[in-house]
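Visitor: Sharing a structure below in C-alpha cells format, with a few things to ask.
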Amino acid sequence: MKGYVFHAPGQSTWQELPDPAIEDPTDVIVRVDAVTICGTDLHILKGDVPEVRPGTVLGHEAVGEIVETGTDVRTVRPGDRVLVSCISACGRCGYCREGMYGQCRGGGGWILGHLIDGTQAEYVRVPHADLSVHPLPGTVANEDAVLLADIFPTAYEVGVLNGRVRPGDTVVVVGAGPVGLAAIATARLFGPERVVAVDRAASRLQAAKEFGAEAVADAGEDPEQLIADLTGGLGADVVIEAVGLPETFELCTRVVRPGGHLANVGVHGAPATLHLEDLWIRNVTITTGLVDTHSTPTLLRMAAAGRLPTRQLVTHTFPLDHMQEAYDVFGNAAETGALKVVLGVPQHEVVPVHPTV
C-alpha cells in the first residue's frame, strides 16, 4: 500500500509501505475510502508533538470498509462501512469505564497517527475495534461522516459541553477554523442568546456567520470592546479557545465574565501566561481536554437527520494519492480559503430516505 509518512519536522512523503496486518484479536483492517487532515497533523509536521516517531503514518480520521477482523471483534465484520474514530478505547480500564476514552490506559487514547500508524494511507489497522469504529448509516456520505471522526466531537465535547453552554448564554468562539465553526454549530443546539466569533481572516468570519454566529469580530480590531458592548460590560458566559496560541488564550481570559467558563480546545505548542492575579477573584472555570468521542453515536444520528452542517466545512477534495497537494492547500488556508480538505474517491452510494405511509 501507500501512505503519508512523517520523517522529521518539515519532512514527509507519500510512499510505499507494507500492508497492515492483524496484530491483536481486537484489531480490524480498514480500507480507507475517505480521509481528512487535521490541524494537529500540521502541529506534528512542525515538531510540536515529539512523541510521533519518524516513520509513522499520519492521520487519525477516516471512513472506509472493513476488510479483515480479529477473532475477538464482535460489533463489525468484513464488508461493513465504518467511521474510524480519532480515539481508540480498550473499554476496560478505569478511564474507559468512566467514558473518558481519550485517557485510555489499556493501549488506546489518541494513538492513530500519534503512537502507531494512522489513517492517511490506503489501509489502516485499528485496535480495540468494538469501541473504536462505528458502523455508518447509508444516509451519511463519506464527506460528511469523516468530519465526525474528530472535529465535531472535539468541538462539541471539549468546547460546548465542557463550557456548559446554556439557553440564553453569550458564547464567544475565538478561532473560526474548522473546530471553531463546529463549536458555533453545536453551541447553537443549546439555544444561546448569541454566538460571537473572533478571527483575523475575513473569509473565516464570513464562514462563522454562515454557521450561525450573530456577531463577528476581527481579532486585530479590539474584540474585547465589542464583547463588552454586547454584554453590558459583563463579558461572555462561555468562551471557547479554538486556536492554540498564547495570545488567543489570554484574550479568552479577559473576555469571560465572572462566574463564566473558558473551554480550551486549541492545541498549544508554547506556554501561555495564566493571569491568576486577575482571575483568582472572578470565579472563572477553565477546562482543558482531549476529546473522548463518547458523543460520536449521538452526532452520527444527528448527521443522518440533517441536523449538522458537515458538508459546509468541506472546501477542497482530492484523490487519496494527492496527499502532499492537500497538505499544501490546508496548511496555507489564509491564501487558499481552505476549511477542511477530504481525500479519497467516494465508494458508497448514499441511500435516500423516503417517508413511510
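Ordering of the C-alpha cells sets the chain letters (A, B, ...), residue numbers begin anew at 1 in every chain, and ligands are numbered from 1 in the order given.
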Contacts between region 230-250 of chain A and region 120-207 of chain A, please, where a residue of region 120-207 of chain A counts if it comes within 9 Å (with only C-alpha atoms); show its shortest atom pair and distance in Å to one decimal, rows by chain and ascending number, as a Markdown table.
Guide:
| residue | atom | partner | partner_atom | distance |
| --- | --- | --- | --- | --- |
| A:Ala155 | CA | A:Ala242 | CA | 8.5 |
| A:Val158 | CA | A:Ile240 | CA | 8.9 |
| A:Gly159 | CA | A:Ile240 | CA | 5.7 |
| A:Val160 | CA | A:Ile240 | CA | 7.7 |
| A:Gly163 | CA | A:Val238 | CA | 5.9 |
| A:Arg164 | CA | A:Val238 | CA | 7.4 |
| A:Val165 | CA | A:Val238 | CA | 6.5 |
| A:Arg166 | CA | A:Asp237 | CA | 9.0 |
| A:Asp169 | CA | A:Asp237 | CA | 5.7 |
| A:Thr170 | CA | A:Ala236 | CA | 5.2 |
| A:Val171 | CA | A:Val238 | CA | 4.8 |
| A:Val172 | CA | A:Val239 | CA | 4.7 |
| A:Val173 | CA | A:Ile240 | CA | 4.8 |
| A:Val174 | CA | A:Glu241 | CA | 5.1 |
| A:Gly175 | CA | A:Ala242 | CA | 5.0 |
| A:Ala176 | CA | A:Ala242 | CA | 7.5 |
| A:Gly177 | CA | A:Ala242 | CA | 7.6 |
| A:Val179 | CA | A:Ala242 | CA | 6.6 |
| A:Gly180 | CA | A:Ala242 | CA | 5.5 |
| A:Ala183 | CA | A:Ile240 | CA | 8.0 |
Visitor: Can you write just those residues out, N, CA, C and O atoms, as a CSV table (one decimal), in the first residue's frame?
Guide:
chain,number,residue,atom,x,y,z
A,155,ALA,N,-15.2,19.7,19.1
A,155,ALA,CA,-15.9,21.0,19.3
A,155,ALA,C,-17.0,20.8,20.3
A,155,ALA,O,-17.2,21.7,21.2
A,158,VAL,N,-15.3,19.1,24.0
A,158,VAL,CA,-14.2,19.9,24.7
A,158,VAL,C,-14.6,21.3,24.7
A,158,VAL,O,-14.2,22.0,25.7
A,159,GLY,N,-15.4,21.8,23.8
A,159,GLY,CA,-15.8,23.2,23.7
A,159,GLY,C,-17.2,23.4,24.4
A,159,GLY,O,-17.3,24.0,25.4
A,160,VAL,N,-18.2,22.9,23.7
A,160,VAL,CA,-19.6,23.2,24.1
A,160,VAL,C,-20.0,22.5,25.5
A,160,VAL,O,-20.5,23.2,26.4
A,163,GLY,N,-17.7,23.7,28.3
A,163,GLY,CA,-18.0,25.1,28.5
A,163,GLY,C,-19.4,25.3,29.2
A,163,GLY,O,-19.7,26.4,29.6
A,164,ARG,N,-20.2,24.2,29.2
A,164,ARG,CA,-21.5,24.3,29.8
A,164,ARG,C,-22.4,25.4,29.2
A,164,ARG,O,-23.0,26.2,29.9
A,165,VAL,N,-22.5,25.4,27.9
A,165,VAL,CA,-23.4,26.3,27.2
A,165,VAL,C,-24.8,26.1,27.6
A,165,VAL,O,-25.3,24.9,27.6
A,166,ARG,N,-25.5,27.1,27.9
A,166,ARG,CA,-26.9,27.0,28.3
A,166,ARG,C,-27.8,28.0,27.5
A,166,ARG,O,-27.3,29.0,26.9
A,169,ASP,N,-27.2,32.1,26.9
A,169,ASP,CA,-25.8,32.5,27.1
A,169,ASP,C,-25.3,33.3,26.0
A,169,ASP,O,-25.8,33.3,24.8
A,170,THR,N,-24.3,34.1,26.3
A,170,THR,CA,-23.5,34.7,25.2
A,170,THR,C,-22.2,33.8,25.1
A,170,THR,O,-21.5,33.7,26.1
A,171,VAL,N,-22.0,33.3,24.0
A,171,VAL,CA,-20.9,32.4,23.7
A,171,VAL,C,-19.9,33.1,22.8
A,171,VAL,O,-20.3,33.5,21.7
A,172,VAL,N,-18.6,33.1,23.1
A,172,VAL,CA,-17.6,33.7,22.2
A,172,VAL,C,-16.7,32.5,21.8
A,172,VAL,O,-16.2,31.8,22.7
A,173,VAL,N,-16.5,32.4,20.5
A,173,VAL,CA,-15.6,31.3,20.0
A,173,VAL,C,-14.4,32.1,19.3
A,173,VAL,O,-14.6,32.8,18.4
A,174,VAL,N,-13.3,31.9,19.9
A,174,VAL,CA,-12.0,32.5,19.4
A,174,VAL,C,-11.3,31.6,18.5
A,174,VAL,O,-10.8,30.5,18.9
A,175,GLY,N,-11.4,31.9,17.2
A,175,GLY,CA,-10.8,31.0,16.2
A,175,GLY,C,-11.9,30.4,15.4
A,175,GLY,O,-12.6,29.5,15.9
A,176,ALA,N,-12.1,30.8,14.1
A,176,ALA,CA,-13.1,30.3,13.3
A,176,ALA,C,-12.6,29.4,12.2
A,176,ALA,O,-13.0,29.4,11.0
A,177,GLY,N,-11.7,28.6,12.6
A,177,GLY,CA,-11.2,27.5,11.8
A,177,GLY,C,-12.3,26.3,11.8
A,177,GLY,O,-13.4,26.5,12.4
A,179,VAL,N,-12.6,23.6,13.7
A,179,VAL,CA,-13.2,23.2,15.0
A,179,VAL,C,-14.0,24.4,15.6
A,179,VAL,O,-15.0,24.2,16.2
A,180,GLY,N,-13.5,25.6,15.4
A,180,GLY,CA,-14.3,26.8,15.9
A,180,GLY,C,-15.7,26.8,15.2
A,180,GLY,O,-16.7,27.1,15.9
A,183,ALA,N,-17.8,24.3,16.7
A,183,ALA,CA,-18.3,24.7,18.0
A,183,ALA,C,-19.4,25.7,17.9
A,183,ALA,O,-20.4,25.6,18.7
Visitor: Mind running region 93-147 of chain A against region 53-70 of chain A at 9 Å and telling me each contacting residue's nearest atom pair with the distance in Å (one decimal), counting only C-alpha atoms, chain and number ascending, as a Markdown table?
Guide:
| residue | atom | partner | partner_atom | distance |
| --- | --- | --- | --- | --- |
| A:Trp110 | CA | A:His60 | CA | 8.1 |
| A:Ile111 | CA | A:His60 | CA | 8.1 |
| A:Leu112 | CA | A:His60 | CA | 5.1 |
| A:Gly113 | CA | A:Leu58 | CA | 4.2 |
| A:His114 | CA | A:Leu58 | CA | 7.2 |
| A:Leu115 | CA | A:Arg53 | CA | 7.5 |
| A:Ile116 | CA | A:Thr56 | CA | 6.6 |
| A:Asp117 | CA | A:Val57 | CA | 4.5 |
| A:Gly118 | CA | A:Gly59 | CA | 4.7 |
| A:Thr119 | CA | A:Gly59 | CA | 4.7 |
| A:Gln120 | CA | A:Gly59 | CA | 4.9 |
| A:Ala121 | CA | A:Val57 | CA | 7.3 |
| A:Tyr123 | CA | A:Gly64 | CA | 8.8 |
| A:Ala129 | CA | A:Thr69 | CA | 8.6 |
| A:Leu136 | CA | A:Val63 | CA | 8.9 |
| A:Asn142 | CA | A:Val63 | CA | 6.3 |
| A:Glu143 | CA | A:Val63 | CA | 8.7 |
| A:Ala145 | CA | A:Val63 | CA | 6.9 |
| A:Val146 | CA | A:Ala62 | CA | 5.5 |
| A:Leu147 | CA | A:Glu61 | CA | 7.8 |
Visitor: Output the selection as a short mmCIF file (atom, residue, chain, number, x, y, z; two decimals), in the first residue's frame - all heavy atoms for each residue.
Guide:
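File written: selection.cif
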data_model
loop_
_atom_site.label_atom_id
_atom_site.label_comp_id
_atom_site.auth_asym_id
_atom_site.auth_seq_id
_atom_site.Cartn_x
_atom_site.Cartn_y
_atom_site.Cartn_z
N TRP A 110 -5.49 8.64 22.08
CA TRP A 110 -5.07 9.10 20.75
C TRP A 110 -3.80 8.36 20.37
O TRP A 110 -2.71 8.70 20.78
CB TRP A 110 -4.84 10.61 20.73
CG TRP A 110 -4.27 11.07 19.41
CD1 TRP A 110 -4.57 10.58 18.17
CD2 TRP A 110 -3.28 12.08 19.20
NE1 TRP A 110 -3.83 11.22 17.20
CE2 TRP A 110 -3.04 12.14 17.80
CE3 TRP A 110 -2.60 12.95 20.06
CZ2 TRP A 110 -2.12 13.05 17.25
CZ3 TRP A 110 -1.69 13.85 19.50
CH2 TRP A 110 -1.45 13.89 18.11
N ILE A 111 -3.96 7.31 19.59
CA ILE A 111 -2.80 6.53 19.16
C ILE A 111 -2.62 6.56 17.64
O ILE A 111 -1.48 6.57 17.16
CB ILE A 111 -2.88 5.06 19.66
CG1 ILE A 111 -4.18 4.39 19.21
CG2 ILE A 111 -2.73 5.00 21.17
CD1 ILE A 111 -4.25 2.91 19.56
N LEU A 112 -3.71 6.60 16.86
CA LEU A 112 -3.61 6.60 15.41
C LEU A 112 -2.89 7.87 14.93
O LEU A 112 -3.26 8.98 15.30
CB LEU A 112 -4.99 6.52 14.77
CG LEU A 112 -5.74 5.20 14.94
CD1 LEU A 112 -7.17 5.35 14.42
CD2 LEU A 112 -5.02 4.07 14.20
N GLY A 113 -1.86 7.69 14.13
CA GLY A 113 -1.10 8.84 13.64
C GLY A 113 -0.33 9.56 14.71
O GLY A 113 0.17 10.66 14.50
N HIS A 114 -0.19 8.93 15.86
CA HIS A 114 0.49 9.53 17.00
C HIS A 114 1.51 8.53 17.55
O HIS A 114 2.71 8.75 17.45
CB HIS A 114 -0.55 9.92 18.06
CG HIS A 114 0.01 10.55 19.29
ND1 HIS A 114 -0.61 10.45 20.51
CD2 HIS A 114 1.14 11.29 19.50
CE1 HIS A 114 0.08 11.11 21.42
NE2 HIS A 114 1.16 11.63 20.84
N LEU A 115 1.00 7.43 18.08
CA LEU A 115 1.88 6.40 18.63
C LEU A 115 1.98 5.18 17.71
O LEU A 115 2.91 4.39 17.84
CB LEU A 115 1.37 5.96 20.01
CG LEU A 115 1.22 7.10 21.03
CD1 LEU A 115 0.71 6.54 22.36
CD2 LEU A 115 2.53 7.86 21.23
N ILE A 116 0.99 5.00 16.81
CA ILE A 116 1.04 3.93 15.81
C ILE A 116 0.65 4.53 14.46
O ILE A 116 0.22 5.68 14.38
CB ILE A 116 0.09 2.76 16.17
CG1 ILE A 116 -1.37 3.21 16.11
CG2 ILE A 116 0.42 2.19 17.55
CD1 ILE A 116 -2.37 2.07 16.27
N ASP A 117 0.81 3.74 13.40
CA ASP A 117 0.47 4.22 12.06
C ASP A 117 -1.00 4.62 11.99
O ASP A 117 -1.88 3.95 12.55
CB ASP A 117 0.75 3.14 11.02
CG ASP A 117 2.23 2.99 10.75
OD1 ASP A 117 2.99 3.93 11.03
OD2 ASP A 117 2.64 1.92 10.24
N GLY A 118 -1.25 5.73 11.26
CA GLY A 118 -2.58 6.31 11.21
C GLY A 118 -3.31 6.05 9.91
O GLY A 118 -3.03 5.10 9.16
N THR A 119 -4.25 6.94 9.62
CA THR A 119 -5.27 6.69 8.60
C THR A 119 -4.96 7.28 7.24
O THR A 119 -5.71 7.03 6.29
CB THR A 119 -6.61 7.29 9.08
OG1 THR A 119 -6.43 8.69 9.33
CG2 THR A 119 -7.09 6.61 10.35
N GLN A 120 -3.93 8.09 7.11
CA GLN A 120 -3.63 8.72 5.82
C GLN A 120 -2.86 7.73 4.94
O GLN A 120 -1.69 7.91 4.63
CB GLN A 120 -2.89 10.04 6.03
CG GLN A 120 -3.78 11.10 6.63
CD GLN A 120 -3.06 12.35 7.06
OE1 GLN A 120 -1.86 12.50 6.82
NE2 GLN A 120 -3.77 13.27 7.70
N ALA A 121 -3.56 6.69 4.58
CA ALA A 121 -2.98 5.57 3.83
C ALA A 121 -4.11 4.82 3.15
O ALA A 121 -5.30 5.11 3.37
CB ALA A 121 -2.22 4.64 4.78
N TYR A 123 -4.73 1.62 3.58
CA TYR A 123 -5.29 0.70 4.58
C TYR A 123 -4.77 1.10 5.95
O TYR A 123 -3.68 1.66 6.08
CB TYR A 123 -4.89 -0.75 4.29
CG TYR A 123 -5.49 -1.32 3.03
CD1 TYR A 123 -4.86 -1.16 1.80
CD2 TYR A 123 -6.71 -2.00 3.07
CE1 TYR A 123 -5.41 -1.66 0.64
CE2 TYR A 123 -7.27 -2.51 1.91
CZ TYR A 123 -6.63 -2.34 0.70
OH TYR A 123 -7.18 -2.82 -0.45
N ALA A 129 -11.36 -2.48 18.11
CA ALA A 129 -12.33 -2.07 17.10
C ALA A 129 -13.75 -1.95 17.63
O ALA A 129 -14.51 -1.10 17.16
CB ALA A 129 -12.31 -3.07 15.94
N LEU A 136 -21.73 2.89 9.78
CA LEU A 136 -22.33 4.11 9.26
C LEU A 136 -23.69 3.85 8.63
O LEU A 136 -23.85 2.88 7.88
CB LEU A 136 -21.41 4.74 8.21
CG LEU A 136 -20.17 5.44 8.76
CD1 LEU A 136 -19.24 5.82 7.63
CD2 LEU A 136 -20.57 6.67 9.56
N ASN A 142 -19.62 9.81 2.68
CA ASN A 142 -18.24 9.79 3.20
C ASN A 142 -17.76 11.18 3.62
O ASN A 142 -17.12 11.34 4.66
CB ASN A 142 -17.29 9.23 2.14
CG ASN A 142 -17.46 7.74 1.92
OD1 ASN A 142 -18.17 7.08 2.65
ND2 ASN A 142 -16.80 7.23 0.89
N GLU A 143 -18.03 12.19 2.77
CA GLU A 143 -17.54 13.53 3.04
C GLU A 143 -18.12 14.11 4.33
O GLU A 143 -17.51 14.96 4.98
CB GLU A 143 -17.84 14.48 1.87
CG GLU A 143 -17.17 14.07 0.57
CD GLU A 143 -18.08 13.22 -0.30
OE1 GLU A 143 -18.85 12.39 0.23
OE2 GLU A 143 -18.01 13.39 -1.54
N ALA A 145 -19.40 12.02 6.90
CA ALA A 145 -19.05 11.13 8.01
C ALA A 145 -17.64 11.37 8.53
O ALA A 145 -17.40 11.34 9.74
CB ALA A 145 -19.21 9.67 7.58
N VAL A 146 -16.69 11.64 7.63
CA VAL A 146 -15.30 11.77 8.07
C VAL A 146 -15.12 12.96 9.01
O VAL A 146 -14.21 12.97 9.85
CB VAL A 146 -14.35 11.86 6.85
CG1 VAL A 146 -14.44 13.22 6.17
CG2 VAL A 146 -12.92 11.53 7.25
N LEU A 147 -16.01 13.95 8.95
CA LEU A 147 -15.92 15.10 9.84
C LEU A 147 -16.40 14.76 11.25
O LEU A 147 -16.21 15.55 12.18
CB LEU A 147 -16.72 16.27 9.29
CG LEU A 147 -16.27 16.76 7.90
CD1 LEU A 147 -17.04 18.01 7.52
CD2 LEU A 147 -14.77 17.03 7.86
#
Visitor: Going by DSSP on the backbone, which residues of region 84-295 of chain A come out as strand (DSSP E)? List them as a PyMOL selection string.
Guide: chain A and resi 84+123-126+133-135+170-174+194-199+215-218+236-241+256-264+285-287
Visitor: Tell me, as a list in words, which residues lie within 8 Å of Pro167 (chain A), counting only C-alpha atoms; anything in the same chain fewer than 5 positions away does not count.
Guide: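 Returned residues: Phe190, Gly191, Pro192 and Glu193 of chain A.
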Visitor: Could you write those residues out with N, CA, C and O atoms, as an mmCIF file, in the first residue's frame?
Guide:
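Below is the file part.cif, written as the result:
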data_model
loop_
_atom_site.group_PDB
_atom_site.id
_atom_site.type_symbol
_atom_site.label_atom_id
_atom_site.label_comp_id
_atom_site.auth_asym_id
_atom_site.auth_seq_id
_atom_site.Cartn_x
_atom_site.Cartn_y
_atom_site.Cartn_z
ATOM 1 N N PHE A 190 -27.987 24.470 21.874
ATOM 2 C CA PHE A 190 -28.397 24.716 23.253
ATOM 3 C C PHE A 190 -29.121 26.048 23.438
ATOM 4 O O PHE A 190 -29.400 26.455 24.562
ATOM 5 N N GLY A 191 -29.415 26.741 22.354
ATOM 6 C CA GLY A 191 -30.209 27.952 22.435
ATOM 7 C C GLY A 191 -29.553 29.144 23.091
ATOM 8 O O GLY A 191 -30.210 29.857 23.876
ATOM 9 N N PRO A 192 -28.280 29.445 22.824
ATOM 10 C CA PRO A 192 -27.683 30.651 23.401
ATOM 11 C C PRO A 192 -28.337 31.903 22.830
ATOM 12 O O PRO A 192 -28.896 31.886 21.732
ATOM 13 N N GLU A 193 -28.242 33.003 23.573
ATOM 14 C CA GLU A 193 -28.774 34.266 23.064
ATOM 15 C C GLU A 193 -28.003 34.714 21.843
ATOM 16 O O GLU A 193 -28.579 35.202 20.866
#
Visitor: Pick out the closest residue to Gly91 (chain A) from this set: A:Asp222, A:Asp130, A:Glu16, A:Asp72. Count only C-alpha atoms.
Guide: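 The closest residue to Gly91 (chain A) is A:Asp130.
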Visitor: Taking 2 positions as the minimum chain separation for residues in the same chain, which residues sit within 7 Å of region 301-316 of chain A when counting only C-alpha atoms? Answer as JSON, numbers by chain.
Guide: {"A": [139, 140, 143, 144, 147, 178, 297, 298, 299, 318, 338, 339, 340, 341, 342]}
Visitor: Tell me which of A:Ala270, A:Ala201, A:Ala219, A:Cys104 sits closest to Val49 (chain A), counting only C-alpha atoms.
Guide: A:Ala270
Visitor: Compare A:Ile87, A:Leu279, A:Ile184, A:Val82 by their minimum atom-to-atom distance to Val256 (chain A), counting only C-alpha atoms, and give me the closest one.
Guide: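 Nearest to Val256 (chain A): A:Leu279.
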Visitor: Please list as a list in words every residue within 7 Å of Pro153 (chain A), counting only C-alpha atoms and excluding residues in the same chain fewer than 5 positions away.
Guide: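 In the requested form, the answer reads Leu148, Val291, Thr293, Ser295 and Thr296 of chain A.
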Visitor: Restrict the selected residues to N, CA, C and O atoms and save them as a compact mmCIF listing (two decimals), in the first residue's frame.
Guide:
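Result file is selection_27.txt:
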# COMPACT_ATOMS: atom_id res chain seq x y z
N LEU A 148 -17.01 13.60 11.42
CA LEU A 148 -17.45 13.16 12.74
C LEU A 148 -16.41 12.30 13.44
O LEU A 148 -16.63 11.84 14.56
N VAL A 291 -10.47 15.12 23.31
CA VAL A 291 -11.79 14.57 23.04
C VAL A 291 -11.86 13.09 23.46
O VAL A 291 -10.89 12.35 23.36
N THR A 293 -14.76 11.25 22.41
CA THR A 293 -15.63 10.70 21.35
C THR A 293 -16.79 9.89 21.91
O THR A 293 -17.37 9.09 21.18
N SER A 295 -19.55 11.12 22.37
CA SER A 295 -20.73 11.69 21.72
C SER A 295 -20.88 11.25 20.27
O SER A 295 -21.88 11.62 19.62
N THR A 296 -19.95 10.48 19.73
CA THR A 296 -19.97 10.15 18.30
C THR A 296 -21.27 9.48 17.87
O THR A 296 -21.84 9.86 16.84
Visitor: For the alpha helix (DSSP H) assignment from backbone DSSP, which residues of region 146-256 of chain A qualify? Please present them as a VMD selection string.
Guide: chain A and resid 151 to 154 162 to 163 178 to 187 202 to 210 223 to 230 246 to 255
Visitor: My list of candidates is A:Leu276, A:Leu83, A:Leu181, A:Leu251. Which is closest to Ala213 (chain A) when distances are computed with only C-alpha atoms?
Guide: A:Leu181
Visitor: For Phe6 (chain A), which of A:Val124, A:Cys252, A:Leu161, A:Leu45 is the closest residue, counting only C-alpha atoms?
Guide: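 Closest residue, counting only C-alpha atoms: A:Leu45.
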Visitor: State, in Å with one decimal place, the distance from CA of Pro271 (chain A) to CA of Ile286 (chain A).
Guide: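 That distance, rounded to one decimal, is 15.7 Å.
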Visitor: Quick one: distance from CA of Leu205 (chain A) to CA of Gly344 (chain A) in Å, one decimal?
Guide: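 Answer for the CA of Leu205 (chain A) to CA of Gly344 (chain A) separation: 28.5 Å.
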Visitor: For a quick check of understanding, using only C-alpha atoms, which of A:Gly47, A:Ala89, A:Ala334, A:Asp33 has the smallest distance to Ala141 (chain A)?
Guide: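 Nearest to Ala141 (chain A): A:Asp33.
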Visitor: I'd like the neighbourhood of Gly331 (chain A) as a PyMOL selection string, where a residue qualifies if any of its atoms comes within 12 Å (using only C-alpha atoms), though same-chain residues fewer than 2 positions away should be ignored.
Guide: chain A and resi 10+37-43+45-46+177+323-329+333-341
Visitor: Pick out the residues sitting within 10 Å of Gly220 (chain A), and hand them over as a list in words; count only C-alpha atoms, and ignore anything fewer than 6 positions along from it in its own chain.
Guide: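 Returned residues: Val198, Asp199, Arg200 and Ala201 of chain A.
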Visitor: Let's have the selection written as a compact mmCIF listing (two decimals), in the first residue's frame, with N, CA, C and O atoms.
Guide:
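After the write, out_25.txt holds the following:
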# COMPACT_ATOMS: atom_id res chain seq x y z
N VAL A 198 -14.50 35.26 16.76
CA VAL A 198 -13.34 36.13 16.66
C VAL A 198 -12.28 35.44 15.81
O VAL A 198 -11.93 34.28 16.06
N ASP A 199 -11.77 36.15 14.80
CA ASP A 199 -10.72 35.59 13.95
C ASP A 199 -10.05 36.76 13.22
O ASP A 199 -10.57 37.88 13.22
N ARG A 200 -8.92 36.48 12.60
CA ARG A 200 -8.22 37.51 11.83
C ARG A 200 -8.59 37.47 10.35
O ARG A 200 -8.41 38.46 9.63
N ALA A 201 -9.08 36.33 9.87
CA ALA A 201 -9.34 36.15 8.44
C ALA A 201 -10.79 36.52 8.11
O ALA A 201 -11.72 35.96 8.69
